[in-house]
Amino acid sequence: YDVFISFRGEDTRTSFTDYLFRTLKRGEINIFKDDEDLERGADISPALLQAIRDSRFAVVVLSENYSSSSWCLDELVEILKSRKELGLTVLPVFYHVEPTEVRSQTANFGKAFSEASQRYIGKANKWREALMEVATISGWNVRNRPETDVIDEIAKVISKIINQFPNGNNDLVGMTYRIKKIDLLLEIGLDDVRTIGIWGMGGIGKTTIAQEVFKLSFNKFEAHAFIPNVREEVKKNRLLHLQKLLYKELVDGEVSIQNDDMGIHVLRKRLRSKRVLIILDDVDRLEQIEALVGNAEVQHEWLGPGSRVIVTTRDKHLLRTYGENNIYEVDKLTDDEALAILLPSRQRLSYNQASQDKRTRSLIFFVWDILEKETRFCNDRPPPKLRRKGPKPIF
């Protein structure tokens, strides 16, 4: 699924959630809505768990009676677990409740939660922690706003990410560890303007890491843009094309820019008050960065407080202008991670376990030979425990 919708039926089934569902459907987005997609008689817990884990987005519609439902609260716990473990993007909607009421379980929302927690004392703490966490995630507050405007914004955000990254994957090997390293450099929430570099050889996973960081973090900013293949785009269409594209993504409109210098002036003028997330993928020249997000000395005057820029590149030297401590060198795969990529998830073993299986052992040697000859990506020889003796195994 693209989207899992968690909601309290009696509050929003025939109003907000119904219109959201129809709007997403019109955009050809694949949605799981539990009152429609669960078969009669199905064991609901495993079915819901799998639907959540298989989704790219979870829209949580927090209405007044949401916290009275043990079903909804259990869903929320699993949604936030998938957010942490699998990178599920969570988009909360505060439907005629305030985030502070959700976080502190006060007002009518708190009364409903109190009744539910008394019925299920053993789950109360887990539910309370989940409500406190979801209340801190950037989302939409429906109070004093037309509901259709909020729904259109949600649909636009989801469509944009899905269209830009059509191949969602919540099971990328080793991604959680690498994203944590990026998060430590980004320190999202501080008011400084910061550029982070992701550096490594071609094919090592720089773009994939940047995409995952973008999907996890974009809703923490006023505007966001992912500009792919900068190096190739500049060769084909010049920097002016990318300046126009960046303006369109961040300002949501067209602009008449005649040359690079004019583009620099326009971007600097329109972005200086916006808190933005910008990712420039596969950059190979310093002027590309400077024409799109400013040079290191004036970047705080170019982008709004709290803005973050991520640059992926094969050239470490062009990143040093923005600070040696802001560069992440992509970690090479560990032995277990490399093996996990080769095997389906249900068959994954540790590297040492796999070395005892003849077929897997043959596969490891076969792939090792390819890597050794073509990329020199791994060590110069197989690890001692797998060093061959005698003829090469044959499939």
# chains A, B, ... in the order shown; residues from 1 in each chain; ligands from 1
$ residues_around --residues "range 148-154 of chain A" --least-positions-apart "2" --cutoff "10 Å" --atoms "only C-alpha atoms" --output "list in words"
Phe16, Thr17, Tyr19, Leu20, Phe21, Thr23, Leu24, Val59, Leu91, Pro92, Val93, Gly139, Trp140, Asn141, Val142, Arg145, Pro146, Lys156, Val157, Ile158, Ser159 and Lys160 of chain A
$ closest_residue --among "A:Asp260, A:Glu297, A:Glu187, A:Asp315" --to "Asp284 in chain A" --atoms "only C-alpha atoms"
A:Asp315
$ residues_around --residues "Glu233 in chain A" --least-positions-apart "2" --cutoff "12 Å" --atoms "only C-alpha atoms" --output "ChimeraX atom specification"
/A:227-231,235-243,245,280-284,288
$ residues_around --residues "Leu49 in chain A" --least-positions-apart "5" --cutoff "9 Å" --atoms "only C-alpha atoms" --output "PyMOL selection string"
chain A and resi 44+54+75+78-79
$ select_by_dssp --residues "range 86-168 of chain A" --states "strand (DSSP E or B)" --output "count of residues only"
8
$ closest_residue --among "A:Leu62, A:Cys72, A:Leu250, A:Leu80" --to "Val97 in chain A" --atoms "only C-alpha atoms"
A:Leu62
$ decode --residues "range 56-67 of chain A" --atoms "all heavy atoms" --output "mmCIF file, in the first residue's frame"
data_model
loop_
_atom_site.group_PDB
_atom_site.id
_atom_site.type_symbol
_atom_site.label_atom_id
_atom_site.label_comp_id
_atom_site.auth_asym_id
_atom_site.auth_seq_id
_atom_site.Cartn_x
_atom_site.Cartn_y
_atom_site.Cartn_z
ATOM 1 N N ARG A 56 3.711 2.987 2.822
ATOM 2 C CA ARG A 56 4.754 4.002 2.774
ATOM 3 C C ARG A 56 4.417 5.204 3.651
ATOM 4 O O ARG A 56 5.303 5.868 4.168
ATOM 5 C CB ARG A 56 4.968 4.464 1.328
ATOM 6 C CG ARG A 56 5.414 3.351 0.392
ATOM 7 C CD ARG A 56 5.617 3.848 -1.016
ATOM 8 N NE ARG A 56 6.672 4.851 -1.083
ATOM 9 C CZ ARG A 56 7.024 5.478 -2.200
ATOM 10 N NH1 ARG A 56 6.375 5.237 -3.325
ATOM 11 N NH2 ARG A 56 8.005 6.371 -2.186
ATOM 12 N N PHE A 57 3.118 5.485 3.773
ATOM 13 C CA PHE A 57 2.641 6.600 4.593
ATOM 14 C C PHE A 57 1.558 6.087 5.529
ATOM 15 O O PHE A 57 0.809 5.178 5.189
ATOM 16 C CB PHE A 57 2.033 7.715 3.735
ATOM 17 C CG PHE A 57 2.999 8.430 2.843
ATOM 18 C CD1 PHE A 57 3.311 7.924 1.590
ATOM 19 C CD2 PHE A 57 3.596 9.610 3.247
ATOM 20 C CE1 PHE A 57 4.201 8.579 0.759
ATOM 21 C CE2 PHE A 57 4.488 10.280 2.430
ATOM 22 C CZ PHE A 57 4.789 9.756 1.181
ATOM 23 N N ALA A 58 1.468 6.710 6.699
ATOM 24 C CA ALA A 58 0.336 6.495 7.596
ATOM 25 C C ALA A 58 -0.250 7.859 7.932
ATOM 26 O O ALA A 58 0.440 8.711 8.487
ATOM 27 C CB ALA A 58 0.762 5.777 8.866
ATOM 28 N N VAL A 59 -1.510 8.063 7.555
ATOM 29 C CA VAL A 59 -2.222 9.283 7.929
ATOM 30 C C VAL A 59 -3.038 8.954 9.171
ATOM 31 O O VAL A 59 -3.906 8.083 9.145
ATOM 32 C CB VAL A 59 -3.146 9.771 6.798
ATOM 33 C CG1 VAL A 59 -3.913 11.015 7.244
ATOM 34 C CG2 VAL A 59 -2.336 10.071 5.537
ATOM 35 N N VAL A 60 -2.737 9.636 10.281
ATOM 36 C CA VAL A 60 -3.416 9.383 11.555
ATOM 37 C C VAL A 60 -4.361 10.550 11.820
ATOM 38 O O VAL A 60 -3.919 11.671 12.070
ATOM 39 C CB VAL A 60 -2.407 9.239 12.707
ATOM 40 C CG1 VAL A 60 -3.136 8.905 14.015
ATOM 41 C CG2 VAL A 60 -1.381 8.153 12.388
ATOM 42 N N VAL A 61 -5.666 10.282 11.745
ATOM 43 C CA VAL A 61 -6.669 11.321 11.957
ATOM 44 C C VAL A 61 -7.062 11.305 13.440
ATOM 45 O O VAL A 61 -7.858 10.484 13.880
ATOM 46 C CB VAL A 61 -7.910 11.094 11.069
ATOM 47 C CG1 VAL A 61 -8.889 12.266 11.227
ATOM 48 C CG2 VAL A 61 -7.498 10.943 9.600
ATOM 49 N N LEU A 62 -6.478 12.221 14.200
ATOM 50 C CA LEU A 62 -6.673 12.264 15.646
ATOM 51 C C LEU A 62 -7.893 13.133 15.961
ATOM 52 O O LEU A 62 -7.819 14.351 16.001
ATOM 53 C CB LEU A 62 -5.416 12.816 16.317
ATOM 54 C CG LEU A 62 -4.174 11.919 16.183
ATOM 55 C CD1 LEU A 62 -2.904 12.746 16.214
ATOM 56 C CD2 LEU A 62 -4.161 10.848 17.256
ATOM 57 N N SER A 63 -9.023 12.483 16.160
ATOM 58 C CA SER A 63 -10.267 13.172 16.470
ATOM 59 C C SER A 63 -10.580 13.006 17.963
ATOM 60 O O SER A 63 -9.872 12.307 18.699
ATOM 61 C CB SER A 63 -11.396 12.611 15.618
ATOM 62 O OG SER A 63 -11.518 11.206 15.817
ATOM 63 N N GLU A 64 -11.668 13.617 18.399
ATOM 64 C CA GLU A 64 -11.994 13.672 19.830
ATOM 65 C C GLU A 64 -12.147 12.283 20.457
ATOM 66 O O GLU A 64 -11.743 12.052 21.589
ATOM 67 C CB GLU A 64 -13.277 14.481 20.015
ATOM 68 C CG GLU A 64 -13.524 14.895 21.453
ATOM 69 C CD GLU A 64 -14.676 15.881 21.557
ATOM 70 O OE1 GLU A 64 -15.829 15.419 21.687
ATOM 71 O OE2 GLU A 64 -14.420 17.103 21.503
ATOM 72 N N ASN A 65 -12.729 11.348 19.712
ATOM 73 C CA ASN A 65 -12.973 10.014 20.254
ATOM 74 C C ASN A 65 -11.943 8.976 19.809
ATOM 75 O O ASN A 65 -12.111 7.784 20.077
ATOM 76 C CB ASN A 65 -14.381 9.538 19.855
ATOM 77 C CG ASN A 65 -15.464 10.344 20.540
ATOM 78 O OD1 ASN A 65 -15.543 10.375 21.764
ATOM 79 N ND2 ASN A 65 -16.293 11.016 19.741
ATOM 80 N N TYR A 66 -10.895 9.423 19.125
ATOM 81 C CA TYR A 66 -9.853 8.495 18.688
ATOM 82 C C TYR A 66 -9.279 7.731 19.875
ATOM 83 O O TYR A 66 -9.064 6.516 19.825
ATOM 84 C CB TYR A 66 -8.744 9.275 17.973
ATOM 85 C CG TYR A 66 -7.650 8.416 17.364
ATOM 86 C CD1 TYR A 66 -7.717 8.020 16.040
ATOM 87 C CD2 TYR A 66 -6.542 8.025 18.118
ATOM 88 C CE1 TYR A 66 -6.712 7.249 15.465
ATOM 89 C CE2 TYR A 66 -5.539 7.250 17.555
ATOM 90 C CZ TYR A 66 -5.631 6.856 16.236
ATOM 91 O OH TYR A 66 -4.626 6.078 15.682
ATOM 92 N N SER A 67 -9.046 8.450 20.987
ATOM 93 C CA SER A 67 -8.386 7.837 22.145
ATOM 94 C C SER A 67 -9.320 6.962 22.978
ATOM 95 O O SER A 67 -8.892 6.376 23.968
ATOM 96 C CB SER A 67 -7.775 8.921 23.035
ATOM 97 O OG SER A 67 -8.779 9.812 23.485
#
